[in-house]
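Here is the file entry07.tsv (TSV, C-alpha atoms).
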chain	number	residue	atom	x	y	z
W	30	LYS	CA	0.00	0.00	0.00
W	31	ALA	CA	1.40	3.39	-0.97
W	32	GLY	CA	2.26	5.75	1.86
W	33	VAL	CA	1.36	9.36	2.38
W	34	THR	CA	2.57	11.56	-0.44
W	35	GLN	CA	3.22	15.28	-0.34
W	36	THR	CA	3.94	17.73	-3.12
W	37	PRO	CA	6.02	19.65	-3.72
W	38	ARG	CA	8.93	18.37	-1.67
W	39	TYR	CA	10.82	21.64	-1.70
W	40	LEU	CA	9.68	25.19	-2.21
W	41	ILE	CA	11.29	28.61	-2.13
W	42	LYS	CA	9.09	31.67	-1.81
W	43	THR	CA	9.55	35.31	-0.90
W	44	ARG	CA	7.86	37.26	1.86
W	45	GLY	CA	4.33	38.29	1.09
W	46	GLN	CA	3.67	35.48	-1.37
W	47	GLN	CA	1.27	32.66	-0.75
W	48	VAL	CA	1.81	28.93	-1.05
W	49	THR	CA	-0.33	25.81	-1.42
W	50	LEU	CA	0.88	22.42	-0.29
W	51	SER	CA	-0.77	19.14	-1.19
W	52	CYS	CA	-1.13	15.85	0.66
W	53	SER	CA	-2.54	12.51	-0.51
W	54	PRO	CA	-3.28	10.15	2.39
W	55	ILE	CA	-2.84	6.41	2.52
W	56	SER	CA	-5.60	4.72	0.58
W	57	GLY	CA	-8.63	4.28	2.82
W	58	HIS	CA	-7.49	6.85	5.37
W	59	ARG	CA	-10.03	9.60	5.87
W	60	SER	CA	-8.29	11.84	8.37
W	61	VAL	CA	-5.47	14.19	7.43
W	62	SER	CA	-3.51	16.28	9.91
W	63	TRP	CA	-0.97	18.97	9.17
W	64	TYR	CA	2.04	19.90	11.28
W	65	GLN	CA	4.76	22.51	11.14
W	66	GLN	CA	8.23	21.49	12.28
W	67	THR	CA	10.95	24.01	13.07
W	68	PRO	CA	14.19	23.60	15.03
W	69	GLY	CA	13.03	26.04	17.67
W	70	GLN	CA	9.39	25.00	18.17
W	71	GLY	CA	9.48	21.34	17.23
W	72	LEU	CA	6.41	19.66	15.77
W	73	GLN	CA	3.33	21.81	16.12
W	74	PHE	CA	-0.19	20.86	15.15
W	75	LEU	CA	-1.85	23.03	12.52
W	76	PHE	CA	-5.22	21.38	11.81
W	77	GLU	CA	-7.01	18.12	11.12
W	78	TYR	CA	-9.55	17.33	8.43
W	79	PHE	CA	-11.99	14.47	8.34
W	80	SER	CA	-14.69	13.96	5.72
W	81	GLU	CA	-13.98	17.37	4.20
W	82	THR	CA	-14.52	19.13	7.55
W	83	GLN	CA	-11.97	20.73	9.81
W	84	ARG	CA	-12.22	18.70	12.99
W	85	ASN	CA	-9.48	20.32	15.04
W	86	LYS	CA	-7.28	23.38	14.85
W	87	GLY	CA	-4.01	24.40	16.48
W	88	ASN	CA	-2.84	27.84	17.56
W	89	PHE	CA	-1.78	29.30	14.27
W	90	PRO	CA	-2.88	32.60	12.71
W	91	GLY	CA	-5.61	32.75	10.10
W	92	ARG	CA	-2.98	32.98	7.35
W	93	PHE	CA	-2.79	29.22	7.64
W	94	SER	CA	-5.78	27.44	6.17
W	95	GLY	CA	-6.62	24.10	4.71
W	96	ARG	CA	-9.23	22.01	3.05
W	97	GLN	CA	-10.00	18.42	2.25
W	98	PHE	CA	-11.55	17.01	-0.88
W	99	SER	CA	-14.04	14.18	-1.27
W	100	ASN	CA	-11.20	11.76	-2.12
W	101	SER	CA	-9.55	12.67	1.24
W	102	ARG	CA	-6.70	14.54	-0.42
W	103	SER	CA	-5.89	17.71	1.46
W	104	GLU	CA	-4.28	21.03	0.76
W	105	MET	CA	-2.96	23.67	3.09
W	106	ASN	CA	-2.44	27.27	2.17
W	107	VAL	CA	-0.30	29.92	3.76
W	108	SER	CA	-0.96	33.49	2.69
W	109	THR	CA	1.27	36.54	3.13
W	110	LEU	CA	4.33	34.48	3.89
W	111	GLU	CA	6.70	35.58	6.63
W	112	LEU	CA	10.31	34.59	7.19
W	113	GLY	CA	9.22	32.62	10.26
W	114	ASP	CA	7.06	30.37	8.10
W	115	SER	CA	10.20	28.64	6.85
W	116	ALA	CA	9.76	25.09	8.09
W	117	LEU	CA	9.13	21.48	7.26
W	118	TYR	CA	5.39	20.99	6.74
W	119	LEU	CA	4.27	17.49	7.48
W	120	CYS	CA	1.05	15.78	6.62
W	121	ALA	CA	-0.13	12.69	8.47
W	122	SER	CA	-3.06	10.42	7.70
W	123	SER	CA	-5.00	8.04	9.90
W	124	LEU	CA	-7.79	5.52	9.42
W	125	THR	CA	-10.34	6.91	11.90
W	126	LYS	CA	-12.56	3.87	12.03
W	127	ALA	CA	-14.71	2.98	15.03
W	128	GLY	CA	-12.94	0.42	17.16
W	129	ALA	CA	-9.61	0.82	15.35
W	130	GLU	CA	-6.51	2.32	16.87
W	131	GLU	CA	-6.01	5.73	15.36
W	132	THR	CA	-2.37	5.90	14.41
W	133	GLN	CA	-0.95	8.70	12.30
W	134	TYR	CA	1.47	7.99	9.48
W	135	PHE	CA	3.57	10.82	8.16
W	136	GLY	CA	4.40	11.83	4.64
W	137	PRO	CA	7.90	12.93	3.59
W	138	GLY	CA	7.10	16.59	4.16
W	139	THR	CA	7.42	19.78	2.17
W	140	ARG	CA	10.39	21.94	3.06
W	141	LEU	CA	9.45	25.59	2.64
W	142	LEU	CA	12.03	28.35	2.61
W	143	VAL	CA	10.82	31.94	2.73
W	144	LEU	CA	13.32	34.57	1.63
N	7	GLN	CA	4.80	23.57	31.91
N	8	LYS	CA	4.96	21.91	28.51
N	9	GLU	CA	2.22	19.42	27.77
N	10	VAL	CA	4.66	16.71	26.72
N	11	GLU	CA	8.20	16.76	28.05
N	12	GLN	CA	11.15	14.64	27.04
N	13	ASN	CA	14.68	14.57	28.33
N	14	SER	CA	16.25	16.64	25.60
N	15	GLY	CA	19.56	14.81	25.50
N	16	PRO	CA	21.61	14.34	23.54
N	17	LEU	CA	21.87	10.78	24.76
N	18	SER	CA	24.85	8.64	23.80
N	19	VAL	CA	25.07	4.91	24.38
N	20	PRO	CA	27.60	2.33	23.19
N	21	GLU	CA	26.57	-0.23	20.60
N	22	GLY	CA	24.82	-3.17	22.22
N	23	ALA	CA	23.69	-1.21	25.27
N	24	ILE	CA	20.13	-0.37	26.33
N	25	ALA	CA	18.93	3.13	25.49
N	26	SER	CA	16.22	4.53	27.74
N	27	LEU	CA	14.05	7.41	26.56
N	28	ASN	CA	11.56	9.09	28.85
N	29	CYS	CA	8.48	11.22	28.41
N	30	THR	CA	6.00	12.83	30.81
N	31	TYR	CA	2.67	14.41	29.95
N	32	SER	CA	0.32	16.78	31.69
N	33	ASP	CA	-3.14	15.87	30.35
N	34	ARG	CA	-4.47	13.25	32.80
N	35	VAL	CA	-7.15	12.01	30.42
N	36	SER	CA	-4.65	11.12	27.69
N	37	GLN	CA	-5.37	7.67	26.27
N	38	SER	CA	-3.00	7.10	23.36
N	39	PHE	CA	0.77	7.29	23.34
N	40	PHE	CA	3.19	6.96	20.48
N	41	TRP	CA	6.91	6.87	19.84
N	42	TYR	CA	8.22	8.10	16.52
N	43	ARG	CA	11.76	8.00	15.20
N	44	GLN	CA	13.04	10.79	12.99
N	45	TYR	CA	16.28	10.61	11.09
N	46	SER	CA	17.93	13.89	10.17
N	47	GLY	CA	16.19	15.43	7.18
N	48	LYS	CA	13.42	12.82	7.16
N	49	SER	CA	9.86	12.67	8.43
N	50	PRO	CA	8.80	10.92	11.66
N	51	GLU	CA	8.35	7.18	11.43
N	52	LEU	CA	6.11	5.30	13.85
N	53	ILE	CA	7.92	2.86	16.12
N	54	MET	CA	5.30	1.91	18.65
N	55	SER	CA	1.96	2.80	20.10
N	56	ILE	CA	0.74	1.97	23.60
N	57	TYR	CA	-2.67	2.43	25.16
N	58	SER	CA	-2.71	0.41	28.39
N	59	ASN	CA	-0.58	0.53	31.52
N	60	GLY	CA	2.38	-1.81	31.49
N	61	ASP	CA	4.89	-2.92	28.91
N	62	LYS	CA	4.53	-3.52	25.20
N	63	GLU	CA	7.35	-5.22	23.35
N	64	ASP	CA	8.12	-5.23	19.64
N	65	GLY	CA	11.46	-6.71	18.72
N	66	ARG	CA	14.22	-4.71	20.34
N	67	PHE	CA	11.78	-1.99	21.42
N	68	THR	CA	9.74	-1.91	24.62
N	69	ALA	CA	7.30	0.85	25.47
N	70	GLN	CA	6.27	1.30	29.09
N	71	LEU	CA	3.23	3.27	30.23
N	72	ASN	CA	2.27	4.40	33.71
N	73	LYS	CA	-0.85	6.54	33.56
N	74	ALA	CA	-0.89	7.19	37.31
N	75	SER	CA	2.54	8.79	37.06
N	76	GLN	CA	1.78	10.26	33.62
N	77	TYR	CA	4.91	8.70	32.29
N	78	VAL	CA	5.78	6.78	29.15
N	79	SER	CA	9.17	5.42	28.17
N	80	LEU	CA	10.89	3.62	25.33
N	81	LEU	CA	13.67	1.11	25.83
N	82	ILE	CA	15.86	0.07	22.94
N	83	ARG	CA	17.77	-3.11	23.62
N	84	ASP	CA	20.97	-4.08	21.81
N	85	SER	CA	21.26	-0.54	20.41
N	86	GLN	CA	22.70	-0.27	16.92
N	87	PRO	CA	24.33	2.70	15.18
N	88	SER	CA	21.31	2.69	12.84
N	89	ASP	CA	19.17	3.58	15.87
N	90	SER	CA	20.88	6.98	16.00
N	91	ALA	CA	18.04	9.45	15.45
N	92	THR	CA	15.71	11.81	17.27
N	93	TYR	CA	12.93	10.04	19.15
N	94	LEU	CA	9.64	11.86	19.49
N	95	CYS	CA	7.04	11.09	22.12
N	96	ALA	CA	3.47	11.93	21.08
N	97	VAL	CA	0.35	11.95	23.23
N	98	ARG	CA	-3.30	12.14	22.24
N	99	GLY	CA	-5.14	13.95	24.99
N	100	SER	CA	-8.62	15.31	25.54
N	101	ALA	CA	-8.27	17.64	22.56
N	102	ARG	CA	-7.89	14.61	20.24
N	103	GLN	CA	-4.90	16.07	18.47
N	104	LEU	CA	-1.42	14.63	18.85
N	105	THR	CA	0.93	16.71	20.97
N	106	PHE	CA	4.62	16.04	20.49
N	107	GLY	CA	7.55	16.43	22.83
N	108	SER	CA	10.62	18.25	21.64
N	109	GLY	CA	12.43	14.97	21.02
N	110	THR	CA	15.49	13.20	22.39
N	111	GLN	CA	18.51	12.91	20.15
N	112	LEU	CA	20.08	9.47	20.50
N	113	THR	CA	23.55	8.58	19.29
N	114	VAL	CA	24.71	4.96	19.36
N	115	LEU	CA	28.48	4.80	19.33
N	116	PRO	CA	30.10	1.89	17.42

This entry written out as structure tokens:
Amino acid sequence: KAGVTQTPRYLIKTRGQQVTLSCSPISGHRSVSWYQQTPGQGLQFLFEYFSETQRNKGNFPGRFSGRQFSNSRSEMNVSTLELGDSALYLCASSLTKAGAEETQYFGPGTRLLVL
Amino acid sequence: QKEVEQNSGPLSVPEGAIASLNCTYSDRVSQSFFWYRQYSGKSPELIMSIYSNGDKEDGRFTAQLNKASQYVSLLIRDSQPSDSATYLCAVRGSARQLTFGSGTQLTVLP
């Protein structure tokens, strides 16, 4: 079974631009979570989507948004990029099935550099 | 107080030794606990999950959970240089989302 895929893998943007990252979950997984990882703050939760609805949200400004499509693929968008948005953005998918252990599996990440 | 705390390390052990990684959490109603391994420049990779008090063994890895003490640990027996990585403790609490510790960097010396 194919794992979680993320595109693009690397991205360079300048301040003020916006960016859209994409995540395809493991086949059959309906939940997608997004995380930001930086050396200083570690892994921080951005949001979770399930059945096209945002189910949970972390403490990030409104510049960070996301969505999920009917095929469970998800995108996250960051508008008005700041230097501090430079990070590894990780997507994780989980099965979310009643009675099943909900374990998250991570994609390879998108490394974003904001200049 | 951080929600999930790990001994930051770095931790160095000789090859063949037991590496012990510790994690404490603050949310008393947490039910699910995970250990991930992250190699430099890579994404986190699940090693083990544990949900009940006690020990859970998988090969050279043993996770230990004590909910009363709000403590979870990971033991790596017969440590190998390939085990050198950052180990992340993750906890699913009342908010449903996974909260990660800052990670413990482990180096296994040949």

Hey, which bits of chain W sit within 9 Å of chain N, and for each residue what's the closest pair of atoms and how far apart in Å (one decimal), counting all atoms listed in the file, rows by chain and increasing number, as JSON lines?
{"residue": "W:Ser62", "atom": "CA", "partner": "N:Gln103", "partner_atom": "CA", "distance": 8.7}
{"residue": "W:Gln70", "atom": "CA", "partner": "N:Ser108", "partner_atom": "CA", "distance": 7.7}
{"residue": "W:Gly71", "atom": "CA", "partner": "N:Ser108", "partner_atom": "CA", "distance": 5.5}
{"residue": "W:Leu72", "atom": "CA", "partner": "N:Phe106", "partner_atom": "CA", "distance": 6.2}
{"residue": "W:Gln73", "atom": "CA", "partner": "N:Phe106", "partner_atom": "CA", "distance": 7.4}
{"residue": "W:Phe74", "atom": "CA", "partner": "N:Thr105", "partner_atom": "CA", "distance": 7.2}
{"residue": "W:Phe76", "atom": "CA", "partner": "N:Gln103", "partner_atom": "CA", "distance": 8.5}
{"residue": "W:Glu77", "atom": "CA", "partner": "N:Gln103", "partner_atom": "CA", "distance": 7.9}
{"residue": "W:Asn85", "atom": "CA", "partner": "N:Gln103", "partner_atom": "CA", "distance": 7.1}
{"residue": "W:Lys86", "atom": "CA", "partner": "N:Gln103", "partner_atom": "CA", "distance": 8.5}
{"residue": "W:Gly87", "atom": "CA", "partner": "N:Gln103", "partner_atom": "CA", "distance": 8.6}
{"residue": "W:Leu117", "atom": "CA", "partner": "N:Ser49", "partner_atom": "CA", "distance": 8.9}
{"residue": "W:Leu119", "atom": "CA", "partner": "N:Ser49", "partner_atom": "CA", "distance": 7.4}
{"residue": "W:Glu130", "atom": "CA", "partner": "N:Ser38", "partner_atom": "CA", "distance": 8.8}
{"residue": "W:Glu131", "atom": "CA", "partner": "N:Ser38", "partner_atom": "CA", "distance": 8.7}
{"residue": "W:Thr132", "atom": "CA", "partner": "N:Ser55", "partner_atom": "CA", "distance": 7.8}
{"residue": "W:Gln133", "atom": "CA", "partner": "N:Leu52", "partner_atom": "CA", "distance": 8.0}
{"residue": "W:Tyr134", "atom": "CA", "partner": "N:Leu52", "partner_atom": "CA", "distance": 6.9}
{"residue": "W:Phe135", "atom": "CA", "partner": "N:Pro50", "partner_atom": "CA", "distance": 6.3}
{"residue": "W:Gly136", "atom": "CA", "partner": "N:Ser49", "partner_atom": "CA", "distance": 6.7}
{"residue": "W:Pro137", "atom": "CA", "partner": "N:Ser49", "partner_atom": "CA", "distance": 5.2}
{"residue": "W:Gly138", "atom": "CA", "partner": "N:Ser49", "partner_atom": "CA", "distance": 6.4}

Writer output for current selection, C-alpha atoms, as a JSON list (two decimals), in the coordinates of the input:
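Writing the result to part.json gives the following:
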[["chain", "number", "residue", "atom", "x", "y", "z"],
["W", 62, "SER", "CA", -3.51, 16.28, 9.91],
["W", 70, "GLN", "CA", 9.39, 25.00, 18.17],
["W", 71, "GLY", "CA", 9.48, 21.34, 17.23],
["W", 72, "LEU", "CA", 6.41, 19.66, 15.77],
["W", 73, "GLN", "CA", 3.33, 21.81, 16.12],
["W", 74, "PHE", "CA", -0.19, 20.86, 15.15],
["W", 76, "PHE", "CA", -5.22, 21.38, 11.81],
["W", 77, "GLU", "CA", -7.01, 18.12, 11.12],
["W", 85, "ASN", "CA", -9.48, 20.32, 15.04],
["W", 86, "LYS", "CA", -7.28, 23.38, 14.85],
["W", 87, "GLY", "CA", -4.01, 24.40, 16.48],
["W", 117, "LEU", "CA", 9.13, 21.48, 7.26],
["W", 119, "LEU", "CA", 4.27, 17.49, 7.48],
["W", 130, "GLU", "CA", -6.51, 2.32, 16.87],
["W", 131, "GLU", "CA", -6.01, 5.73, 15.36],
["W", 132, "THR", "CA", -2.37, 5.90, 14.41],
["W", 133, "GLN", "CA", -0.95, 8.70, 12.30],
["W", 134, "TYR", "CA", 1.47, 7.99, 9.48],
["W", 135, "PHE", "CA", 3.57, 10.82, 8.16],
["W", 136, "GLY", "CA", 4.40, 11.83, 4.64],
["W", 137, "PRO", "CA", 7.90, 12.93, 3.59],
["W", 138, "GLY", "CA", 7.10, 16.59, 4.16]]

Hey, which of W:Glu104, W:Thr67, W:Gln83, W:Ser122 ends up closest to Thr36 (chain W)? Count all atoms listed in the file.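 The shortest atom-to-atom distance to Thr36 (chain W) comes from W:Glu104.
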
Can you tell me how far CA of Val19 (chain N) sits from CA of Ser90 (chain N), in Å to one decimal?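 The value is 9.6 Å.
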
Around (17.9, 9.9, 18.9), as given in the file, which residues come within 9 Å? Count only C-alpha atoms and list them as a list in words. Gly15, Pro16, Leu17, Ser18, Leu27, Arg43, Gln44, Tyr45, Asp89, Ser90, Ala91, Thr92, Tyr93, Leu94, Gly109, Thr110, Gln111, Leu112, Thr113 and Val114 of chain N

Can you tell me how far CA of Ser115 (chain W) sits from CA of Arg140 (chain W), in Å to one decimal? 7.7 Å

Tell me, as a compact mmCIF listing (two decimals) with C-alpha atoms, keeping the file's coordinate frame, which residues lie within 9 Å of Leu71 (chain N), counting only C-alpha atoms; anything in the same chain fewer than 2 positions away does not count.
# COMPACT_ATOMS: atom_id res chain seq x y z
CA PHE N 39 0.77 7.29 23.34
CA ILE N 56 0.74 1.97 23.60
CA TYR N 57 -2.67 2.43 25.16
CA SER N 58 -2.71 0.41 28.39
CA ASN N 59 -0.58 0.53 31.52
CA GLY N 60 2.38 -1.81 31.49
CA ASP N 61 4.89 -2.92 28.91
CA LYS N 62 4.53 -3.52 25.20
CA ALA N 69 7.30 0.85 25.47
CA LYS N 73 -0.85 6.54 33.56
CA SER N 75 2.54 8.79 37.06
CA GLN N 76 1.78 10.26 33.62
CA TYR N 77 4.91 8.70 32.29
CA VAL N 78 5.78 6.78 29.15
CA SER N 79 9.17 5.42 28.17

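Candidate residues W:Asn100, W:Thr109, W:Ser94, W:Thr82 were compared for distance to Gln46 (chain W), and the nearest is W:Thr109, using only C-alpha atoms.
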
Straight-line distance linking CA of Leu144 (chain W) with CA of Glu111 (chain W), stated in Å to one decimal: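 Between CA of Leu144 (chain W) and CA of Glu111 (chain W) the gap is 8.4 Å.
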